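**Q** My structure is in my_file29.cif, and what it holds is mmCIF, C-alpha atoms and all ligand atoms:
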data_target
#
loop_
_atom_site.label_atom_id
_atom_site.label_comp_id
_atom_site.auth_asym_id
_atom_site.auth_seq_id
_atom_site.Cartn_x
_atom_site.Cartn_y
_atom_site.Cartn_z
CA MET A 1 28.38 26.22 -173.04
CA THR A 2 25.88 28.92 -172.30
CA GLY A 3 23.20 26.29 -171.83
CA ASN A 4 25.32 24.42 -169.22
CA LYS A 5 26.06 27.58 -167.35
CA ASP A 6 22.37 28.30 -167.02
CA GLU A 7 21.65 24.79 -165.65
CA THR A 8 24.40 25.12 -163.02
CA ALA A 9 22.99 28.44 -162.00
CA LYS A 10 19.57 26.85 -161.51
CA GLU A 11 20.89 23.99 -159.38
CA GLN A 12 23.09 26.15 -157.18
CA PRO A 13 21.57 29.58 -156.64
CA SER A 14 24.09 32.34 -156.25
CA PRO A 15 24.87 33.67 -152.75
CA LYS A 16 23.15 36.88 -153.75
CA ALA A 17 19.87 35.05 -154.33
CA ASN A 18 20.16 33.44 -150.83
CA GLU A 19 20.74 36.74 -149.15
CA LYS A 20 17.63 38.09 -150.78
CA THR A 21 15.49 35.19 -149.50
CA ASP A 22 16.85 35.57 -145.93
CA ALA A 23 16.15 39.26 -145.99
CA ASN A 24 12.56 38.53 -147.03
CA ASN A 25 12.14 35.97 -144.22
CA ASP A 26 13.41 38.49 -141.70
CA ALA A 27 10.84 40.97 -142.89
CA ASP A 28 8.03 38.38 -142.57
CA TYR A 29 9.20 37.36 -139.08
CA SER A 30 9.11 40.94 -137.87
CA ASP A 31 5.64 41.41 -139.24
CA LEU A 32 4.33 38.54 -137.12
CA TYR A 33 5.17 40.44 -133.94
CA PRO A 34 3.90 43.96 -134.36
CA GLY A 35 5.19 46.25 -131.68
CA ARG A 36 7.66 43.71 -130.29
CA ARG A 37 10.42 46.28 -130.40
CA ASP A 38 8.40 48.64 -128.24
CA SER A 39 7.85 46.25 -125.31
CA PRO A 40 10.28 47.03 -122.50
CA THR A 41 12.52 44.00 -121.96
CA GLN A 42 12.67 44.74 -118.24
CA ASN A 43 9.05 43.60 -117.75
CA TRP A 44 9.67 39.86 -117.96
CA PHE A 45 12.90 40.25 -116.05
CA ARG A 46 11.10 41.99 -113.18
CA LYS A 47 8.40 39.33 -113.24
CA ILE A 48 10.96 36.54 -112.95
CA VAL A 49 12.79 38.28 -110.11
CA PHE A 50 9.47 38.86 -108.31
CA ALA A 51 8.42 35.21 -108.78
CA GLU A 52 11.80 34.05 -107.48
CA GLN A 53 11.45 36.26 -104.43
CA GLN A 54 7.95 34.90 -103.76
CA GLU A 55 9.17 31.33 -104.13
CA GLN A 56 12.07 31.96 -101.78
CA LEU A 57 9.70 33.54 -99.25
CA GLN A 58 7.40 30.51 -99.50
CA LYS A 59 10.36 28.19 -99.00
CA THR A 60 11.59 30.09 -95.96
CA ARG A 61 8.11 30.07 -94.40
CA CYS A 62 7.88 26.31 -95.03
CA GLU A 63 11.29 25.71 -93.44
CA VAL A 64 10.35 27.78 -90.39
CA ASN A 65 7.18 25.66 -90.01
CA VAL A 66 9.20 22.44 -90.34
CA VAL A 67 11.62 23.50 -87.61
CA ASP A 68 8.69 24.62 -85.43
CA CYS A 69 7.00 21.20 -85.80
CA ILE A 70 10.20 19.33 -85.07
CA GLN A 71 10.74 21.35 -81.92
CA ASN A 72 7.14 21.61 -80.70
CA SER A 73 4.77 19.04 -82.26
CA PRO A 74 4.52 15.99 -79.96
CA LEU A 75 3.58 13.75 -82.90
CA VAL A 76 6.50 14.86 -85.05
CA LYS A 77 8.85 14.64 -82.03
CA LEU A 78 7.60 11.11 -81.36
CA MET A 79 8.22 10.14 -84.99
CA MET A 80 11.70 11.66 -84.88
CA ALA A 81 12.49 9.65 -81.73
CA ALA A 82 11.02 6.45 -83.23
CA LEU A 83 13.11 6.89 -86.38
CA LYS A 84 16.24 7.53 -84.37
CA SER A 85 15.66 4.45 -82.21
CA SER A 86 15.22 2.38 -85.36
CA GLY A 87 18.62 3.49 -86.60
CA CYS A 88 17.19 5.94 -89.13
CA GLU A 89 17.99 9.25 -87.54
CA VAL A 90 16.58 12.25 -89.41
CA ASP A 91 19.03 14.95 -90.43
CA ILE A 92 16.69 17.91 -90.97
CA GLY A 93 18.82 19.61 -93.61
CA ARG A 94 19.41 16.43 -95.59
CA HIS A 95 16.20 14.42 -95.13
CA ILE A 96 13.51 17.11 -95.25
CA SER A 97 13.14 19.41 -98.20
CA CYS A 98 10.64 22.22 -98.90
CA GLU A 99 9.81 22.29 -102.60
CA VAL A 100 7.21 23.48 -105.10
CA CYS A 101 4.95 20.55 -106.09
CA ASP A 102 1.99 19.59 -108.16
CA LYS A 103 -1.16 21.13 -106.71
CA VAL A 104 -2.79 17.79 -105.81
CA VAL A 105 -0.29 16.82 -103.09
CA THR A 106 1.06 18.43 -99.92
CA GLY A 107 4.09 16.20 -99.54
CA GLY A 108 5.92 13.09 -100.60
CA TYR A 109 8.61 10.62 -99.67
CA ASP A 110 11.54 9.81 -101.92
CA PRO A 111 12.97 6.45 -100.80
CA GLN A 112 16.04 6.74 -103.04
CA LEU A 113 17.25 9.82 -101.20
CA ASN A 114 15.41 8.89 -98.00
CA GLN A 115 13.97 12.36 -98.17
CA ILE A 116 10.63 13.86 -97.15
CA ILE A 117 9.30 16.57 -99.44
CA VAL A 118 7.05 19.20 -97.89
CA CYS A 119 5.21 21.13 -100.60
CA GLN A 120 5.78 24.79 -99.86
CA ASN A 121 2.98 25.87 -102.22
CA THR A 122 0.23 23.60 -100.83
CA ALA A 123 1.25 22.88 -97.20
CA ARG A 124 1.21 26.53 -96.21
CA THR A 125 0.07 26.44 -92.60
CA LYS A 126 1.78 24.92 -89.58
CA ASN A 127 -1.05 22.38 -89.21
CA ARG A 128 -0.65 21.28 -92.82
CA VAL A 129 3.10 20.96 -92.38
CA GLN A 130 2.56 18.93 -89.20
CA SER A 131 0.15 16.49 -90.83
CA THR A 132 2.34 16.24 -93.94
CA LEU A 133 5.51 15.63 -91.91
CA SER A 134 3.90 13.00 -89.67
CA HIS A 135 2.29 11.26 -92.70
CA GLU A 136 5.57 11.12 -94.62
CA MET A 137 7.48 10.07 -91.51
CA ILE A 138 5.27 6.96 -91.32
CA HIS A 139 6.49 6.12 -94.85
CA MET A 140 10.06 6.85 -93.80
CA PHE A 141 9.65 4.64 -90.73
CA ASP A 142 8.17 1.80 -92.81
CA TYR A 143 10.97 2.14 -95.35
CA CYS A 144 13.57 1.96 -92.61
CA GLN A 145 11.97 -0.52 -90.23
CA ASN A 146 9.74 -2.66 -92.41
CA LYS A 147 11.83 -2.78 -95.60
CA LEU A 148 9.13 -1.06 -97.60
CA ASP A 149 9.19 -1.71 -101.36
CA LEU A 150 7.18 1.05 -103.02
CA ASN A 151 7.10 -0.85 -106.33
CA ASN A 152 5.00 -3.50 -104.60
CA ILE A 153 1.40 -2.24 -104.50
CA ASP A 154 0.61 -4.21 -101.33
CA HIS A 155 3.52 -2.53 -99.53
CA LEU A 156 2.40 0.87 -100.80
CA ALA A 157 -1.19 0.15 -99.73
CA CYS A 158 -0.02 -0.89 -96.28
CA THR A 159 2.03 2.21 -95.58
CA GLU A 160 -0.73 4.48 -96.92
CA ILE A 161 -3.27 2.74 -94.67
CA ARG A 162 -1.00 3.28 -91.66
CA ALA A 163 -0.33 6.93 -92.52
CA ALA A 164 -4.03 7.66 -93.10
CA SER A 165 -5.05 5.81 -89.97
CA LEU A 166 -2.46 7.28 -87.62
CA CYS A 167 -2.50 10.84 -88.95
CA HIS A 168 -5.04 12.14 -91.46
CA CYS A 169 -8.21 10.22 -90.49
CA SER A 170 -7.78 10.73 -86.78
CA TYR A 171 -7.99 14.48 -87.40
CA PHE A 172 -10.83 14.05 -89.84
CA MET A 173 -12.98 11.94 -87.53
CA ALA A 174 -12.52 14.31 -84.61
CA LEU A 175 -13.42 17.19 -86.85
CA SER A 176 -16.55 15.51 -88.20
CA ARG A 177 -17.90 15.17 -84.67
CA ASN A 178 -18.08 18.94 -84.52
CA VAL A 179 -20.01 19.21 -87.75
CA ALA A 180 -23.76 18.48 -87.57
CA SER A 181 -23.87 16.56 -90.82
CA PRO A 182 -25.31 13.04 -90.49
CA ILE A 183 -23.44 11.94 -93.60
CA ARG A 184 -20.13 13.05 -92.15
CA ILE A 185 -20.84 11.55 -88.75
CA ALA A 186 -21.83 8.26 -90.38
CA ARG A 187 -18.43 7.97 -92.01
CA THR A 188 -16.35 5.69 -89.93
CA HIS A 189 -12.65 5.93 -89.31
CA ARG A 190 -12.19 2.80 -91.41
CA ASP A 191 -14.00 4.30 -94.39
CA CYS A 192 -11.85 7.38 -94.11
CA VAL A 193 -8.67 5.29 -94.07
CA ILE A 194 -9.74 3.22 -97.09
CA ASP A 195 -10.73 6.32 -99.04
CA LYS A 196 -7.58 8.27 -98.21
CA ALA A 197 -5.26 5.31 -98.85
CA VAL A 198 -6.85 4.65 -102.26
CA ARG A 199 -6.49 8.32 -103.25
CA SER A 200 -2.86 8.39 -102.11
CA ILE A 201 -2.04 5.27 -104.15
CA VAL A 202 -3.72 6.60 -107.30
CA ALA A 203 -1.83 9.90 -106.90
CA VAL A 204 1.59 8.23 -106.96
CA LYS A 205 1.12 5.01 -108.91
CA ASP A 206 -0.20 4.39 -112.39
CA VAL A 207 -3.11 2.15 -111.35
CA THR A 208 -6.90 2.41 -111.49
CA LYS A 209 -9.00 3.24 -108.45
CA ASP A 210 -10.32 -0.35 -108.44
CA GLU A 211 -6.81 -1.83 -108.47
CA ALA A 212 -5.82 0.45 -105.60
CA LEU A 213 -8.96 -0.48 -103.64
CA THR A 214 -8.34 -4.21 -104.17
CA ALA A 215 -4.80 -3.83 -102.78
CA VAL A 216 -6.01 -1.76 -99.81
CA LEU A 217 -8.68 -4.33 -98.89
CA ARG A 218 -6.19 -7.21 -99.31
CA VAL A 219 -3.84 -5.89 -96.61
CA PHE A 220 -6.28 -3.77 -94.62
CA GLU A 221 -6.70 -5.65 -91.33
CA ARG A 222 -3.02 -6.32 -90.80
CA CYS A 223 -1.91 -2.78 -91.58
CA TYR A 224 -4.83 -0.95 -89.97
CA ASN A 225 -4.13 -2.63 -86.64
CA ASP A 226 -0.41 -1.90 -86.74
CA LEU A 227 -0.19 1.28 -84.66
CA GLU A 228 3.58 1.40 -84.41
CA PRO A 229 5.28 3.81 -83.73
CA VAL A 230 2.49 6.11 -82.54
CA GLY A 231 0.78 3.47 -80.39
CA ARG A 232 -2.66 5.06 -80.64
CA ARG A 233 -4.92 6.86 -83.09
CA ILE A 234 -4.61 10.60 -82.65
CA ARG A 235 -7.81 12.64 -82.27
CA ARG A 236 -8.05 16.34 -82.75
CA ASN A 237 -8.66 18.56 -79.71
CA SER A 238 -7.46 15.78 -77.46
CA HIS A 239 -4.26 15.09 -75.56
CA ASP A 240 -3.59 12.00 -77.67
CA MET A 241 -0.55 13.52 -79.30
CA GLU A 242 1.03 14.40 -75.97
CA LYS A 243 0.08 10.98 -74.55
CA ALA A 244 1.61 9.20 -77.54
CA TYR A 245 4.76 11.27 -77.16
CA LEU A 246 4.96 10.55 -73.42
CA GLU A 247 4.42 6.84 -74.08
CA GLY A 248 7.29 6.85 -76.59
CA PRO A 249 9.94 5.67 -74.11
CA LEU A 250 7.74 2.64 -73.29
CA TYR A 251 8.32 1.50 -76.85
CA GLY A 252 12.00 2.30 -76.51
CA TYR A 253 11.89 5.58 -78.40
CA THR A 254 14.22 8.13 -76.93
CA GLU A 255 15.21 11.52 -78.27
ZN ZN B 1 1.38 8.73 -98.29
#
Let me see whether you can do it: turn the structure in this file into structure tokens.
Ligand SMILES: [Zn+2]
**A**
Amino acid sequence: MTGNKDETAKEQPSPKANEKTDANNDADYSDLYPGRRDSPTQNWFRKIVFAEQQEQLQKTRCEVNVVDCIQNSPLVKLMMAALKSSGCEVDIGRHISCEVCDKVVTGGYDPQLNQIIVCQNTARTKNRVQSTLSHEMIHMFDYCQNKLDLNNIDHLACTEIRAASLCHCSYFMALSRNVASPIRIARTHRDCVIDKAVRSIVAVKDVTKDEALTAVLRVFERCYNDLEPVGRRIRRNSHDMEKAYLEGPLYGYTE
């Protein structure tokens, strides 16, 4: 009988033995963090509160810039009017959202929610917000008007070509004229559009640069020459934006 008792004791250690092991583990755990009891717990709390305040400040500044662009930027106003005339009126509160994003992008378009995202951490100036808004509004317009399917790489390439051509590269080309670099001057508007469109595709879709380039070249001519709804390529330091806005009603775009 004694022998059996001993075996049972081996298989099922007594609660006392367990307690002892736990107590030892606790001691080891504490030893791994020397001084942890001394650190004031308020430190991390203050850091989080401070970070939240900064983020909220960033968001508010972004929203102020968005409203400013919608009220004062001729290009953004033109896009708003074009979207409205196409039956896709933009509700600022619902369709434009300032958010923290990945550092490589300044904005995005979410077709499921029909929502433009302006990245509050990367699009920090009014100019950046304006170019981001107008770029994303081209995607919104294409989604509404041209039944854009972002899963189709040709569709994605087409809308990125149009956004680069009508917004980003127009600024870039005008800017390069002011810089005395032969390399920059030699870059044509077309090269800029191809380059920017390829980078935009690679940033949002899991494809190689070559696959993106092939898609861009496949649809390039058709999409590059489609200037709707802006009607012209915008150059920096010019009155193109105002002209495009004033021409809006000719295309049937009314505010
Ligand atoms: Zn884009």
**Q** Compile the contact shell of range 128-143 of chain A as a PDB file with C-alpha atoms, in the frame of the given file: residues with an atom at most 9 Å away, counting only C-alpha atoms, same-chain residues fewer than 4 positions apart removed.
**A**
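part-v4.pdb was written with the following content:
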ATOM      1  CA  CYS A  62       7.880  26.310 -95.030  1.00  0.00           C
ATOM      2  CA  ASN A  65       7.180  25.660 -90.010  1.00  0.00           C
ATOM      3  CA  VAL A  66       9.200  22.440 -90.340  1.00  0.00           C
ATOM      4  CA  CYS A  69       7.000  21.200 -85.800  1.00  0.00           C
ATOM      5  CA  ILE A  70      10.200  19.330 -85.070  1.00  0.00           C
ATOM      6  CA  SER A  73       4.770  19.040 -82.260  1.00  0.00           C
ATOM      7  CA  LEU A  75       3.580  13.750 -82.900  1.00  0.00           C
ATOM      8  CA  VAL A  76       6.500  14.860 -85.050  1.00  0.00           C
ATOM      9  CA  MET A  79       8.220  10.140 -84.990  1.00  0.00           C
ATOM     10  CA  MET A  80      11.700  11.660 -84.880  1.00  0.00           C
ATOM     11  CA  ALA A  82      11.020   6.450 -83.230  1.00  0.00           C
ATOM     12  CA  LEU A  83      13.110   6.890 -86.380  1.00  0.00           C
ATOM     13  CA  SER A  86      15.220   2.380 -85.360  1.00  0.00           C
ATOM     14  CA  CYS A  88      17.190   5.940 -89.130  1.00  0.00           C
ATOM     15  CA  ILE A  96      13.510  17.110 -95.250  1.00  0.00           C
ATOM     16  CA  THR A 106       1.060  18.430 -99.920  1.00  0.00           C
ATOM     17  CA  GLY A 107       4.090  16.200 -99.540  1.00  0.00           C
ATOM     18  CA  GLY A 108       5.920  13.090-100.600  1.00  0.00           C
ATOM     19  CA  TYR A 109       8.610  10.620 -99.670  1.00  0.00           C
ATOM     20  CA  ASP A 110      11.540   9.810-101.920  1.00  0.00           C
ATOM     21  CA  PRO A 111      12.970   6.450-100.800  1.00  0.00           C
ATOM     22  CA  ASN A 114      15.410   8.890 -98.000  1.00  0.00           C
ATOM     23  CA  GLN A 115      13.970  12.360 -98.170  1.00  0.00           C
ATOM     24  CA  ILE A 116      10.630  13.860 -97.150  1.00  0.00           C
ATOM     25  CA  ILE A 117       9.300  16.570 -99.440  1.00  0.00           C
ATOM     26  CA  VAL A 118       7.050  19.200 -97.890  1.00  0.00           C
ATOM     27  CA  CYS A 119       5.210  21.130-100.600  1.00  0.00           C
ATOM     28  CA  GLN A 120       5.780  24.790 -99.860  1.00  0.00           C
ATOM     29  CA  THR A 122       0.230  23.600-100.830  1.00  0.00           C
ATOM     30  CA  ALA A 123       1.250  22.880 -97.200  1.00  0.00           C
ATOM     31  CA  ARG A 124       1.210  26.530 -96.210  1.00  0.00           C
ATOM     32  CA  LYS A 147      11.830  -2.780 -95.600  1.00  0.00           C
ATOM     33  CA  LEU A 148       9.130  -1.060 -97.600  1.00  0.00           C
ATOM     34  CA  ASP A 149       9.190  -1.710-101.360  1.00  0.00           C
ATOM     35  CA  LEU A 150       7.180   1.050-103.020  1.00  0.00           C
ATOM     36  CA  LEU A 156       2.400   0.870-100.800  1.00  0.00           C
ATOM     37  CA  THR A 159       2.030   2.210 -95.580  1.00  0.00           C
ATOM     38  CA  GLU A 160      -0.730   4.480 -96.920  1.00  0.00           C
ATOM     39  CA  ARG A 162      -1.000   3.280 -91.660  1.00  0.00           C
ATOM     40  CA  ALA A 163      -0.330   6.930 -92.520  1.00  0.00           C
ATOM     41  CA  ALA A 164      -4.030   7.660 -93.100  1.00  0.00           C
ATOM     42  CA  LEU A 166      -2.460   7.280 -87.620  1.00  0.00           C
ATOM     43  CA  CYS A 167      -2.500  10.840 -88.950  1.00  0.00           C
ATOM     44  CA  HIS A 168      -5.040  12.140 -91.460  1.00  0.00           C
ATOM     45  CA  PRO A 229       5.280   3.810 -83.730  1.00  0.00           C
TER      46      PRO A 229
END
**Q** Go through A:Arg222, A:Arg199, A:Lys205, A:Lys47 and flag the residue nearest Val104 in chain A, using all atoms listed in the file for the distances.
**A**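 Ranking A:Arg222, A:Arg199, A:Lys205, A:Lys47 by distance to Val104 in chain A, first place goes to A:Arg199.
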**Q** Which residue, A:Asp206, A:Ser165, A:Arg46, A:Cys192, has the smallest gap to ligand ZN 1 (chain B) when you use all atoms listed in the file?
**A**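 Smallest separation from ligand ZN 1 (chain B) among the options: A:Ser165.
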**Q** Provide the CA of Arg190 in chain A to CA of Val219 in chain A distance in Å, to one decimal place.
**A**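 Those two atoms sit 13.1 Å apart.
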**Q** Quick one: of A:Ser200, A:Asp191, A:Val64, A:Trp44, who's nearest to ligand ZN 1 (chain B), counting all atoms listed in the file?
**A**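 Closest residue, counting all atoms listed in the file: A:Ser200.
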**Q** Separation of CA of Asp154 in chain A and CA of Val198 in chain A, in Å?
**A**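 CA of Asp154 in chain A sits 11.6 Å away from CA of Val198 in chain A.
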**Q** Using all atoms listed in the file, can you tell me which of A:Val49, A:Val90, A:Ala81, A:Val105 comes closest to ligand ZN 1 (chain B)?
**A** A:Val105
**Q** Give the answer as one residue: which of A:Thr125, A:Gln54, A:Ala203, A:Glu89 has the shortest atom-to-atom distance to Lys103 in chain A, using all atoms listed in the file?
**A** A:Ala203
**Q** CA of Leu78 in chain A to CA of Ile153 in chain A: how many Å, to one decimal?
**A**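 CA of Ile153 in chain A lies at a distance of 27.4 Å from CA of Leu78 in chain A.
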**Q** Which of these, A:Thr188, A:Tyr224, A:Glu211, A:Ile161, has the shortest distance to ligand ZN 1 (chain B) once you count only C-alpha atoms and all ligand atoms?
**A** A:Ile161
**Q** Is there a way to complete range 49-85 of chain A with N, CA and C atoms and then write that out as a PDB file, in the coordinates of the input?
**A**
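Okay, this is what ended up in out.pdb:
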ATOM      1  N   VAL A  49      12.164  37.961-111.402  1.00  0.00           N
ATOM      2  CA  VAL A  49      12.790  38.280-110.110  1.00  0.00           C
ATOM      3  C   VAL A  49      11.738  38.258-109.013  1.00  0.00           C
ATOM      4  N   PHE A  50      10.550  38.828-109.295  1.00  0.00           N
ATOM      5  CA  PHE A  50       9.470  38.860-108.310  1.00  0.00           C
ATOM      6  C   PHE A  50       9.023  37.439-107.963  1.00  0.00           C
ATOM      7  N   ALA A  51       8.852  36.598-109.007  1.00  0.00           N
ATOM      8  CA  ALA A  51       8.420  35.210-108.780  1.00  0.00           C
ATOM      9  C   ALA A  51       9.454  34.462-107.943  1.00  0.00           C
ATOM     10  N   GLU A  52      10.730  34.719-108.243  1.00  0.00           N
ATOM     11  CA  GLU A  52      11.800  34.050-107.480  1.00  0.00           C
ATOM     12  C   GLU A  52      11.769  34.477-106.016  1.00  0.00           C
ATOM     13  N   GLN A  53      11.512  35.762-105.805  1.00  0.00           N
ATOM     14  CA  GLN A  53      11.450  36.260-104.430  1.00  0.00           C
ATOM     15  C   GLN A  53      10.282  35.617-103.681  1.00  0.00           C
ATOM     16  N   GLN A  54       9.126  35.510-104.375  1.00  0.00           N
ATOM     17  CA  GLN A  54       7.950  34.900-103.760  1.00  0.00           C
ATOM     18  C   GLN A  54       8.226  33.441-103.405  1.00  0.00           C
ATOM     19  N   GLU A  55       8.876  32.735-104.344  1.00  0.00           N
ATOM     20  CA  GLU A  55       9.170  31.330-104.130  1.00  0.00           C
ATOM     21  C   GLU A  55      10.123  31.149-102.944  1.00  0.00           C
ATOM     22  N   GLN A  56      11.093  32.030-102.866  1.00  0.00           N
ATOM     23  CA  GLN A  56      12.070  31.960-101.780  1.00  0.00           C
ATOM     24  C   GLN A  56      11.400  32.243-100.440  1.00  0.00           C
ATOM     25  N   LEU A  57      10.459  33.194-100.452  1.00  0.00           N
ATOM     26  CA  LEU A  57       9.700  33.540 -99.250  1.00  0.00           C
ATOM     27  C   LEU A  57       8.875  32.353 -98.778  1.00  0.00           C
ATOM     28  N   GLN A  58       8.216  31.697 -99.769  1.00  0.00           N
ATOM     29  CA  GLN A  58       7.400  30.510 -99.500  1.00  0.00           C
ATOM     30  C   GLN A  58       8.259  29.394 -98.896  1.00  0.00           C
ATOM     31  N   LYS A  59       9.438  29.228 -99.466  1.00  0.00           N
ATOM     32  CA  LYS A  59      10.360  28.190 -99.000  1.00  0.00           C
ATOM     33  C   LYS A  59      10.788  28.465 -97.561  1.00  0.00           C
ATOM     34  N   THR A  60      11.149  29.719 -97.301  1.00  0.00           N
ATOM     35  CA  THR A  60      11.590  30.090 -95.960  1.00  0.00           C
ATOM     36  C   THR A  60      10.468  29.858 -94.951  1.00  0.00           C
ATOM     37  N   ARG A  61       9.241  30.256 -95.313  1.00  0.00           N
ATOM     38  CA  ARG A  61       8.110  30.070 -94.400  1.00  0.00           C
ATOM     39  C   ARG A  61       7.893  28.577 -94.129  1.00  0.00           C
ATOM     40  N   CYS A  62       8.028  27.761 -95.163  1.00  0.00           N
ATOM     41  CA  CYS A  62       7.880  26.310 -95.030  1.00  0.00           C
ATOM     42  C   CYS A  62       8.956  25.761 -94.092  1.00  0.00           C
ATOM     43  N   GLU A  63      10.193  26.211 -94.276  1.00  0.00           N
ATOM     44  CA  GLU A  63      11.290  25.710 -93.440  1.00  0.00           C
ATOM     45  C   GLU A  63      11.115  26.116 -91.972  1.00  0.00           C
ATOM     46  N   VAL A  64      10.612  27.331 -91.762  1.00  0.00           N
ATOM     47  CA  VAL A  64      10.350  27.780 -90.390  1.00  0.00           C
ATOM     48  C   VAL A  64       9.284  26.885 -89.756  1.00  0.00           C
ATOM     49  N   ASN A  65       8.227  26.549 -90.521  1.00  0.00           N
ATOM     50  CA  ASN A  65       7.180  25.660 -90.010  1.00  0.00           C
ATOM     51  C   ASN A  65       7.720  24.267 -89.707  1.00  0.00           C
ATOM     52  N   VAL A  66       8.608  23.771 -90.563  1.00  0.00           N
ATOM     53  CA  VAL A  66       9.200  22.440 -90.340  1.00  0.00           C
ATOM     54  C   VAL A  66       9.970  22.425 -89.029  1.00  0.00           C
ATOM     55  N   VAL A  67      10.811  23.433 -88.834  1.00  0.00           N
ATOM     56  CA  VAL A  67      11.620  23.500 -87.610  1.00  0.00           C
ATOM     57  C   VAL A  67      10.703  23.624 -86.392  1.00  0.00           C
ATOM     58  N   ASP A  68       9.663  24.445 -86.513  1.00  0.00           N
ATOM     59  CA  ASP A  68       8.690  24.620 -85.430  1.00  0.00           C
ATOM     60  C   ASP A  68       8.060  23.280 -85.059  1.00  0.00           C
ATOM     61  N   CYS A  69       7.623  22.501 -86.059  1.00  0.00           N
ATOM     62  CA  CYS A  69       7.000  21.200 -85.800  1.00  0.00           C
ATOM     63  C   CYS A  69       7.991  20.244 -85.134  1.00  0.00           C
ATOM     64  N   ILE A  70       9.212  20.252 -85.622  1.00  0.00           N
ATOM     65  CA  ILE A  70      10.200  19.330 -85.070  1.00  0.00           C
ATOM     66  C   ILE A  70      10.528  19.664 -83.615  1.00  0.00           C
ATOM     67  N   GLN A  71      10.445  20.949 -83.303  1.00  0.00           N
ATOM     68  CA  GLN A  71      10.740  21.350 -81.920  1.00  0.00           C
ATOM     69  C   GLN A  71       9.513  21.245 -81.016  1.00  0.00           C
ATOM     70  N   ASN A  72       8.317  21.459 -81.569  1.00  0.00           N
ATOM     71  CA  ASN A  72       7.140  21.610 -80.700  1.00  0.00           C
ATOM     72  C   ASN A  72       6.003  20.616 -80.912  1.00  0.00           C
ATOM     73  N   SER A  73       5.897  19.953 -82.054  1.00  0.00           N
ATOM     74  CA  SER A  73       4.770  19.040 -82.260  1.00  0.00           C
ATOM     75  C   SER A  73       5.071  17.688 -81.615  1.00  0.00           C
ATOM     76  N   PRO A  74       4.259  17.269 -80.625  1.00  0.00           N
ATOM     77  CA  PRO A  74       4.520  15.990 -79.960  1.00  0.00           C
ATOM     78  C   PRO A  74       4.551  14.824 -80.939  1.00  0.00           C
ATOM     79  N   LEU A  75       3.636  14.855 -81.936  1.00  0.00           N
ATOM     80  CA  LEU A  75       3.580  13.750 -82.900  1.00  0.00           C
ATOM     81  C   LEU A  75       4.847  13.675 -83.745  1.00  0.00           C
ATOM     82  N   VAL A  76       5.287  14.839 -84.228  1.00  0.00           N
ATOM     83  CA  VAL A  76       6.500  14.860 -85.050  1.00  0.00           C
ATOM     84  C   VAL A  76       7.720  14.497 -84.186  1.00  0.00           C
ATOM     85  N   LYS A  77       7.735  14.979 -82.935  1.00  0.00           N
ATOM     86  CA  LYS A  77       8.850  14.640 -82.030  1.00  0.00           C
ATOM     87  C   LYS A  77       8.889  13.140 -81.765  1.00  0.00           C
ATOM     88  N   LEU A  78       7.679  12.552 -81.579  1.00  0.00           N
ATOM     89  CA  LEU A  78       7.600  11.110 -81.360  1.00  0.00           C
ATOM     90  C   LEU A  78       8.144  10.348 -82.575  1.00  0.00           C
ATOM     91  N   MET A  79       7.751  10.802 -83.773  1.00  0.00           N
ATOM     92  CA  MET A  79       8.220  10.140 -84.990  1.00  0.00           C
ATOM     93  C   MET A  79       9.733  10.269 -85.134  1.00  0.00           C
ATOM     94  N   MET A  80      10.245  11.448 -84.797  1.00  0.00           N
ATOM     95  CA  MET A  80      11.700  11.660 -84.880  1.00  0.00           C
ATOM     96  C   MET A  80      12.422  10.680 -83.934  1.00  0.00           C
ATOM     97  N   ALA A  81      11.870  10.542 -82.711  1.00  0.00           N
ATOM     98  CA  ALA A  81      12.490   9.650 -81.730  1.00  0.00           C
ATOM     99  C   ALA A  81      12.393   8.195 -82.193  1.00  0.00           C
ATOM    100  N   ALA A  82      11.217   7.827 -82.757  1.00  0.00           N
ATOM    101  CA  ALA A  82      11.020   6.450 -83.230  1.00  0.00           C
ATOM    102  C   ALA A  82      12.001   6.136 -84.365  1.00  0.00           C
ATOM    103  N   LEU A  83      12.190   7.099 -85.262  1.00  0.00           N
ATOM    104  CA  LEU A  83      13.110   6.890 -86.380  1.00  0.00           C
ATOM    105  C   LEU A  83      14.534   6.747 -85.884  1.00  0.00           C
ATOM    106  N   LYS A  84      14.891   7.589 -84.911  1.00  0.00           N
ATOM    107  CA  LYS A  84      16.240   7.530 -84.370  1.00  0.00           C
ATOM    108  C   LYS A  84      16.487   6.182 -83.703  1.00  0.00           C
ATOM    109  N   SER A  85      15.505   5.725 -82.912  1.00  0.00           N
ATOM    110  CA  SER A  85      15.660   4.450 -82.210  1.00  0.00           C
ATOM    111  C   SER A  85      15.721   3.265 -83.170  1.00  0.00           C
TER     112      SER A  85
END
